[in-house]
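Below is the file model.txt, which contains compact mmCIF, C-alpha atoms.
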# COMPACT_ATOMS: atom_id res chain seq x y z
CA MET A 99 -191.19 111.89 64.98
CA SER A 100 -189.48 108.77 63.62
CA THR A 101 -190.60 105.33 64.70
CA GLN A 102 -188.83 104.06 67.81
CA ARG A 103 -189.24 100.42 68.75
CA ARG A 104 -189.37 100.46 72.53
CA ILE A 105 -188.86 96.73 72.97
CA LYS A 106 -186.84 96.96 76.19
CA ASP A 107 -188.67 99.71 78.06
CA TYR A 108 -189.15 97.44 81.08
CA GLU A 109 -185.37 97.34 81.57
CA ARG A 110 -185.54 100.87 83.00
CA PHE A 111 -186.96 99.30 86.18
CA LYS A 112 -183.77 98.38 88.03
CA GLU A 113 -184.29 95.70 90.66
CA ASP A 114 -182.20 97.41 93.34
CA GLU A 115 -184.32 100.56 92.93
CA GLN A 116 -187.74 98.92 92.49
CA LYS A 117 -187.76 95.96 94.87
CA GLU A 118 -188.95 97.95 97.89
CA TRP A 119 -192.48 99.26 98.44
CA LYS A 120 -192.67 103.06 98.18
CA GLY A 121 -196.42 103.60 98.22
CA PRO A 122 -199.40 103.14 95.87
CA PHE A 123 -198.97 103.41 92.12
CA TYR A 124 -200.82 102.28 89.03
CA PHE A 125 -200.32 100.86 85.57
CA VAL A 126 -202.55 100.46 82.52
CA GLN A 127 -203.33 97.11 80.90
CA ALA A 128 -204.78 96.61 77.43
CA ALA A 129 -204.93 93.88 74.80
CA ASP A 130 -205.45 93.04 71.16
CA PRO A 131 -204.89 96.11 69.00
CA GLN A 132 -204.63 93.36 66.34
CA PHE A 133 -204.15 95.51 63.27
CA GLY A 134 -206.26 93.95 60.49
CA LEU A 135 -208.87 91.96 62.42
CA ILE A 136 -211.87 94.26 61.92
CA GLU A 137 -212.02 94.25 58.12
CA ARG A 138 -210.52 90.77 57.61
CA TYR A 139 -212.52 88.81 60.20
CA LEU A 140 -215.46 90.88 61.44
CA GLU A 141 -216.39 92.55 58.13
CA LYS A 142 -215.16 89.68 55.88
CA LYS A 143 -213.46 91.97 53.36
CA VAL A 144 -211.11 90.35 50.87
CA ASN A 145 -208.90 93.39 50.31
CA TYR A 146 -208.76 94.50 53.90
CA THR A 147 -206.90 97.31 55.63
CA TRP A 148 -206.31 98.12 59.31
CA GLU A 149 -207.24 101.79 59.20
CA LYS A 150 -209.91 101.32 61.90
CA GLU A 151 -207.42 99.74 64.29
CA LYS A 152 -205.02 102.59 63.64
CA VAL A 153 -207.70 105.13 64.60
CA LEU A 154 -208.49 103.23 67.80
CA SER A 155 -204.80 102.81 68.65
CA ARG A 156 -204.12 106.52 68.19
CA LEU A 157 -207.04 107.22 70.51
CA CYS A 158 -205.58 104.76 73.01
CA VAL A 159 -202.23 106.57 72.99
CA GLU A 160 -203.97 109.95 73.30
CA LYS A 161 -205.97 108.82 76.35
CA LEU A 162 -202.92 107.15 77.89
CA ASN A 163 -200.70 110.21 77.48
CA ALA A 164 -203.37 112.45 79.06
CA LEU A 165 -203.48 110.48 82.33
CA ASN A 166 -202.38 112.34 85.45
CA PRO A 167 -200.24 111.26 87.20
CA LYS A 168 -198.54 109.10 84.61
CA PRO A 169 -198.85 105.32 85.01
CA LYS A 170 -195.65 103.40 85.71
CA PHE A 171 -196.12 101.35 82.56
CA PHE A 172 -198.56 100.34 79.81
CA VAL A 173 -198.81 96.63 79.04
CA ILE A 174 -200.47 95.23 75.89
CA CYS A 175 -201.44 91.59 76.48
CA GLY A 176 -200.91 90.15 73.04
CA ASP A 177 -202.14 90.09 69.45
CA LEU A 178 -200.27 93.24 68.60
CA CYS A 179 -201.00 92.62 64.93
CA ASP A 180 -203.34 90.23 63.10
CA ALA A 181 -201.25 88.70 60.29
CA THR A 182 -199.06 85.81 61.42
CA PRO A 183 -195.27 86.12 61.07
CA VAL A 184 -194.69 83.12 58.76
CA ASP A 185 -197.59 82.54 56.33
CA GLU A 186 -198.43 86.25 56.11
CA TRP A 187 -195.02 87.78 56.65
CA GLU A 188 -195.24 90.52 54.01
CA ILE A 189 -198.53 91.82 55.43
CA ARG A 190 -197.27 91.34 58.97
CA GLN A 191 -194.28 93.59 58.36
CA LYS A 192 -196.55 96.42 57.18
CA GLN A 193 -198.80 96.00 60.22
CA GLU A 194 -195.81 96.01 62.58
CA LYS A 195 -194.53 99.22 61.01
CA ASP A 196 -197.87 100.91 61.63
CA PHE A 197 -197.98 99.48 65.17
CA TRP A 198 -194.65 101.07 66.01
CA ASP A 199 -195.50 104.32 64.21
CA ILE A 200 -198.38 104.74 66.66
CA PHE A 201 -197.27 103.15 69.92
CA SER A 202 -193.79 104.68 69.84
CA LYS A 203 -195.59 107.97 70.53
CA ILE A 204 -196.52 106.91 74.05
CA ASN A 205 -195.09 109.41 76.53
CA PRO A 206 -191.48 108.35 77.22
CA ASP A 207 -192.19 108.49 80.97
CA ILE A 208 -194.57 105.54 80.48
CA ALA A 209 -192.77 102.25 79.86
CA LEU A 210 -194.29 100.10 77.11
CA VAL A 211 -194.50 96.35 77.82
CA CYS A 212 -195.48 94.01 74.96
CA VAL A 213 -196.84 90.50 75.53
CA CYS A 214 -196.89 87.81 72.83
CA GLY A 215 -200.26 86.57 71.54
CA ASN A 216 -201.36 83.75 69.26
CA HIS A 217 -201.45 86.00 66.19
CA ASP A 218 -197.93 87.17 67.03
CA VAL A 219 -196.38 83.69 66.66
CA GLY A 220 -199.24 81.53 65.34
CA ASP A 221 -201.54 79.12 67.18
CA THR A 222 -198.77 76.51 67.01
CA PRO A 223 -195.58 78.58 67.06
CA SER A 224 -192.55 77.57 65.03
CA ASN A 225 -188.93 78.48 65.64
CA LEU A 226 -189.05 80.95 62.74
CA ALA A 227 -192.18 82.63 64.12
CA VAL A 228 -190.61 83.00 67.56
CA GLN A 229 -187.41 84.34 66.04
CA ARG A 230 -189.31 86.96 64.03
CA TYR A 231 -191.41 88.00 67.02
CA ARG A 232 -188.33 88.45 69.18
CA SER A 233 -186.62 90.48 66.46
CA SER A 234 -189.60 92.83 66.27
CA PHE A 235 -190.77 93.00 69.91
CA GLY A 236 -188.00 91.61 72.12
CA LYS A 237 -188.22 88.79 74.64
CA ASP A 238 -191.46 86.82 74.80
CA PHE A 239 -191.02 85.87 78.47
CA PHE A 240 -189.37 88.08 81.07
CA SER A 241 -189.88 89.67 84.48
CA PHE A 242 -189.35 92.99 86.25
CA TRP A 243 -189.88 94.71 89.61
CA VAL A 244 -191.86 97.94 89.99
CA GLY A 245 -192.54 99.59 93.34
CA GLY A 246 -192.13 96.42 95.38
CA VAL A 247 -194.26 94.25 93.05
CA PHE A 248 -192.85 91.49 90.85
CA PHE A 249 -194.35 91.22 87.36
CA ILE A 250 -193.95 88.14 85.16
CA VAL A 251 -194.67 88.11 81.41
CA ILE A 252 -195.16 84.69 79.81
CA ASN A 253 -195.85 83.45 76.30
CA SER A 254 -199.11 81.52 76.72
CA GLN A 255 -198.74 79.90 73.28
CA TYR A 256 -196.19 77.46 74.71
CA PHE A 257 -198.89 76.21 77.07
CA TYR A 258 -201.62 76.27 74.43
CA ASP A 259 -199.58 74.29 71.87
CA GLY A 260 -195.80 74.24 72.09
CA SER A 261 -195.45 71.02 70.10
CA GLN A 262 -193.23 72.55 67.39
CA VAL A 263 -190.94 74.32 69.85
CA PRO A 264 -190.58 71.84 72.76
CA GLU A 265 -187.19 73.13 73.86
CA ILE A 266 -188.39 76.74 74.12
CA ALA A 267 -191.60 75.65 75.86
CA ARG A 268 -189.58 73.68 78.41
CA GLU A 269 -187.16 76.58 78.85
CA GLN A 270 -190.07 78.87 79.74
CA GLU A 271 -191.51 76.39 82.25
CA VAL A 272 -188.18 75.98 84.06
CA TRP A 273 -187.67 79.74 84.01
CA LEU A 274 -191.20 80.36 85.32
CA ASP A 275 -190.59 78.07 88.30
CA GLU A 276 -187.55 80.19 89.17
CA GLN A 277 -189.47 83.44 88.76
CA LEU A 278 -192.29 82.29 91.02
CA LYS A 279 -189.74 81.68 93.78
CA ILE A 280 -188.27 85.15 93.28
CA GLY A 281 -191.76 86.65 93.38
CA ALA A 282 -192.46 85.20 96.82
CA LYS A 283 -191.31 88.54 98.26
CA SER A 284 -193.59 90.57 95.98
CA ARG A 285 -195.99 92.78 97.90
CA CYS A 286 -199.10 91.54 96.05
CA GLY A 287 -197.63 88.20 95.15
CA PRO A 288 -196.21 87.72 91.65
CA VAL A 289 -198.49 89.35 89.04
CA LEU A 290 -198.73 87.56 85.68
CA PHE A 291 -199.34 88.99 82.22
CA GLN A 292 -200.25 86.65 79.37
CA HIS A 293 -202.46 86.53 76.28
CA ILE A 294 -204.66 83.42 76.45
CA PRO A 295 -206.37 83.04 79.84
CA TRP A 296 -206.03 79.75 81.72
CA PHE A 297 -209.81 79.59 81.98
CA LEU A 298 -212.93 81.73 81.71
CA ASP A 299 -215.78 81.30 84.19
CA ASP A 300 -215.06 77.71 85.27
CA PRO A 301 -211.48 76.54 85.91
CA GLU A 302 -212.72 72.92 85.89
CA ASP A 303 -214.24 73.13 82.41
CA GLN A 304 -212.45 70.36 80.49
CA LYS A 305 -213.75 70.84 76.96
CA SER A 306 -211.34 71.99 74.28
CA ASP A 307 -211.64 75.72 73.71
CA TYR A 308 -209.82 78.14 71.41
CA PHE A 309 -210.12 80.81 74.10
CA THR A 310 -208.42 78.98 77.00
CA ILE A 311 -205.37 76.88 77.84
CA PRO A 312 -206.09 73.12 77.52
CA TYR A 313 -207.18 71.53 80.80
CA GLU A 314 -204.27 69.09 81.04
CA LYS A 315 -201.85 72.03 81.06
CA ARG A 316 -204.13 74.39 82.96
CA LYS A 317 -204.88 72.32 86.06
CA PRO A 318 -201.30 71.72 87.30
CA MET A 319 -200.29 75.26 86.42
CA LEU A 320 -203.17 76.80 88.35
CA GLU A 321 -202.21 74.75 91.39
CA LYS A 322 -198.61 75.85 90.98
CA LEU A 323 -199.55 79.52 90.64
CA ASN A 324 -201.85 79.38 93.65
CA ASN A 325 -199.18 77.69 95.78
CA ALA A 326 -196.65 80.33 94.69
CA GLY A 327 -198.88 83.14 95.97
CA VAL A 328 -200.09 84.40 92.59
CA ARG A 329 -203.35 86.28 93.05
CA TYR A 330 -203.70 88.16 89.78
CA VAL A 331 -203.34 87.02 86.17
CA LEU A 332 -204.16 89.65 83.52
CA ASN A 333 -205.02 88.49 80.01
CA GLY A 334 -206.44 89.41 76.61
CA HIS A 335 -207.51 87.22 73.67
CA LEU A 336 -211.30 87.24 74.18
CA HIS A 337 -212.02 90.69 72.73
CA ARG A 338 -214.44 91.13 75.63
CA ASN A 339 -214.11 91.51 79.38
CA ASN A 340 -214.22 88.47 81.66
CA PHE A 341 -213.43 87.51 85.25
CA GLY A 342 -212.90 84.10 86.84
CA GLN A 343 -211.28 82.70 89.98
CA PHE A 344 -209.44 79.52 90.98
CA LYS A 345 -208.81 79.39 94.73
CA ASN A 346 -206.81 82.60 95.35
CA VAL A 347 -205.95 83.19 91.68
CA GLN A 348 -208.03 85.81 89.87
CA SER A 349 -208.15 85.68 86.07
CA ILE A 350 -208.83 89.16 84.69
CA VAL A 351 -209.47 89.52 80.96
CA SER A 352 -209.56 92.92 79.29
CA SER A 353 -211.37 93.57 76.03
CA ALA A 354 -209.59 94.76 72.92
CA ILE A 355 -208.13 98.05 71.84
CA GLY A 356 -209.26 96.97 68.38
CA GLY A 357 -212.21 94.88 67.18
CA GLN A 358 -214.83 93.70 69.68
CA ILE A 359 -216.41 90.24 69.89
CA GLY A 360 -219.18 90.89 72.37
CA GLN A 361 -220.88 93.91 73.95
CA ASP A 362 -217.84 95.75 75.30
CA LYS A 363 -216.22 98.81 73.73
CA SER A 364 -212.60 99.48 72.83
CA GLY A 365 -210.65 100.66 75.85
CA PHE A 366 -208.14 99.74 78.54
CA ARG A 367 -207.95 98.79 82.20
CA ILE A 368 -206.52 101.05 84.91
CA VAL A 369 -204.93 98.91 87.63
CA LYS A 370 -204.09 100.46 90.99
CA VAL A 371 -201.58 98.84 93.34
CA LEU A 372 -202.84 99.72 96.80
CA ASN A 373 -200.76 98.44 99.71
CA ASP A 374 -201.15 94.66 99.32
CA SER A 375 -203.85 94.32 96.64
CA LEU A 376 -204.83 95.38 93.13
CA SER A 377 -207.89 97.47 92.33
CA HIS A 378 -208.89 97.66 88.69
CA LYS A 379 -211.53 98.97 86.30
CA TYR A 380 -211.99 98.73 82.55
CA TYR A 381 -212.76 102.01 80.76
CA PRO A 382 -214.06 102.44 77.20
CA PHE A 383 -211.94 105.14 75.59
CA GLU A 384 -214.74 107.71 75.78
CA GLU A 385 -214.95 107.20 79.56
CA VAL A 386 -211.25 107.22 80.46
CA PRO A 387 -210.63 109.73 83.27
CA THR A 388 -207.87 112.32 83.10
CA ASN A 389 -206.97 112.21 86.78
CA VAL A 390 -206.28 108.93 88.60
CA ASP A 391 -206.79 109.04 92.36
CA LEU A 392 -204.58 106.60 94.27
CA LEU A 393 -206.14 107.27 97.68
Re-express the file's structure as structure tokens.
Amino acid sequence: MSTQRRIKDYERFKEDEQKEWKGPFYFVQAADPQFGLIERYLEKKVNYTWEKEKVLSRLCVEKLNALNPKPKFFVICGDLCDATPVDEWEIRQKQEKDFWDIFSKINPDIALVCVCGNHDVGDTPSNLAVQRYRSSFGKDFFSFWVGGVFFIVINSQYFYDGSQVPEIAREQEVWLDEQLKIGAKSRCGPVLFQHIPWFLDDPEDQKSDYFTIPYEKRKPMLEKLNNAGVRYVLNGHLHRNNFGQFKNVQSIVSSAIGGQIGQDKSGFRIVKVLNDSLSHKYYPFEEVPTNVDLL
């Protein structure tokens, strides 16, 4: 099977068909396959490969394709590959090829949704990095309806540090305000997907942290999200599981498909949409069920 870049899978969900509630369904959320992290960062190898991430990613696809019934979509919340798209472009291209070789084999009935992470555009994204990401993976912020629920994908790097791309960062903020208004009719409120979480355990923690959005950006955005009816934000980035809450906004972080930084194991999260709420559980790959009960 030749590689097929499924960068617009979410466009199959037509608003006029998906805006109305038709009963419970589920999707699968994962994060950080990050081809190259294990040997480069965790094992400190100079001449590193990403063979271990490829094994884990193939297992991910195998477990995903075996699910019954099929999930509506599979979303990967960032750090699709490890090498950055400017300083390490030659390596990045090889990693992206292997990413698509594996993830293009997801069952075609399961839409693939890719979210941009810090390794996908750099900690401080440039216009060239954004351009290369979009060429490889499509839009880095977009929205879609599924089964009466409105899903919003954002690029959290513009909130973390958008100083080199101020026009794009502003464009996303204006767009997000519009999307939050549209999502007011969403059955569970608008559901957000992003890479870097707004916060971990304490939304009022003001110290600078690589793993969260800076407080001066976080605080007004959390208020905005809460006022817009957002109840669920699903993230990656930590390479371990985490949960936090600000007022009505839950921050749910899933550990990595690839390398772990903590005590969790590689896996993904099954998220059930049940009437007016989400129910979710993270499964290591060896514990993923075959049948998903929506009752």
Nearby residues (all atoms listed in the file) at most 9 Å from region 155-157 of chain A, same-chain spacing under 4 positions excluded, as an NGL selection string: :A and (131 or 150-151 or 161-162 or 197 or 200-201 or 203 or 355-356 or 383)
Distance query 10 Å from (-198.7, 113.0, 84.6) using all atoms listed in the file, result as a PyMOL selection string: chain A and resi 162-169+205+207-208+388-390
Option closest in space to Glu137 (chain A), from A:Phe239, A:Gln116, A:Gln358, A:Leu210 [counting all atoms listed in the file]: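 Of the candidates, the smallest distance to Glu137 (chain A) is held by A:Gln358.
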All residues 10 Å or closer to Lys195 (chain A), only C-alpha atoms, same chain fewer than 3 positions away omitted, as a list in words: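 Returned residues: Thr101, Arg103, Arg190, Gln191, Lys192, Trp198, Asp199, Ile200 and Ser234 of chain A.
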Contacts of Leu140 (chain A) at 8 Å (all atoms listed in the file; same-chain gap of 4+ positions) as a list in words: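 Near Leu140 (chain A), the qualifying residues are Leu135, Ile136 and Gly357 of chain A.
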Test item: residues at most 10 Å from Ile105 (chain A), only C-alpha atoms, excluding those fewer than 4 positions along its chain, as a ChimeraX atom specification: /A:109,202,209-212,232-237
Separation of CA of Glu115 (chain A) from CA of Ser254 (chain A) in Å: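 Here the two named atoms are 29.1 Å from each other.
Rounded to one decimal, CA of His293 (chain A) and CA of Ile350 (chain A) lie 10.9 Å from each other.
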Residues of region 242-305 of chain A at most 10 Å from region 365-371 of chain A: nearest atom pair and distance in Å, only C-alpha atoms, as JSON lines:
{"residue": "A:Gly245", "atom": "CA", "partner": "A:Val371", "partner_atom": "CA", "distance": 9.1}
{"residue": "A:Gly246", "atom": "CA", "partner": "A:Val371", "partner_atom": "CA", "distance": 10.0}
{"residue": "A:Val247", "atom": "CA", "partner": "A:Val371", "partner_atom": "CA", "distance": 8.6}
{"residue": "A:Arg285", "atom": "CA", "partner": "A:Val371", "partner_atom": "CA", "distance": 9.4}
{"residue": "A:Cys286", "atom": "CA", "partner": "A:Val371", "partner_atom": "CA", "distance": 8.2}
Proximity to Val263 (chain A) - best of A:Glu194, A:Glu118, A:Asp300, A:Asp221, only C-alpha atoms: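 Residue with the minimum atom-to-atom distance to Val263 (chain A): A:Asp221.
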Atom-to-atom span, CA of Ser352 (chain A) and CA of Ser224 (chain A), Å: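 Taking CA of Ser352 (chain A) as the start and CA of Ser224 (chain A) as the end point, the length is 27.0 Å.
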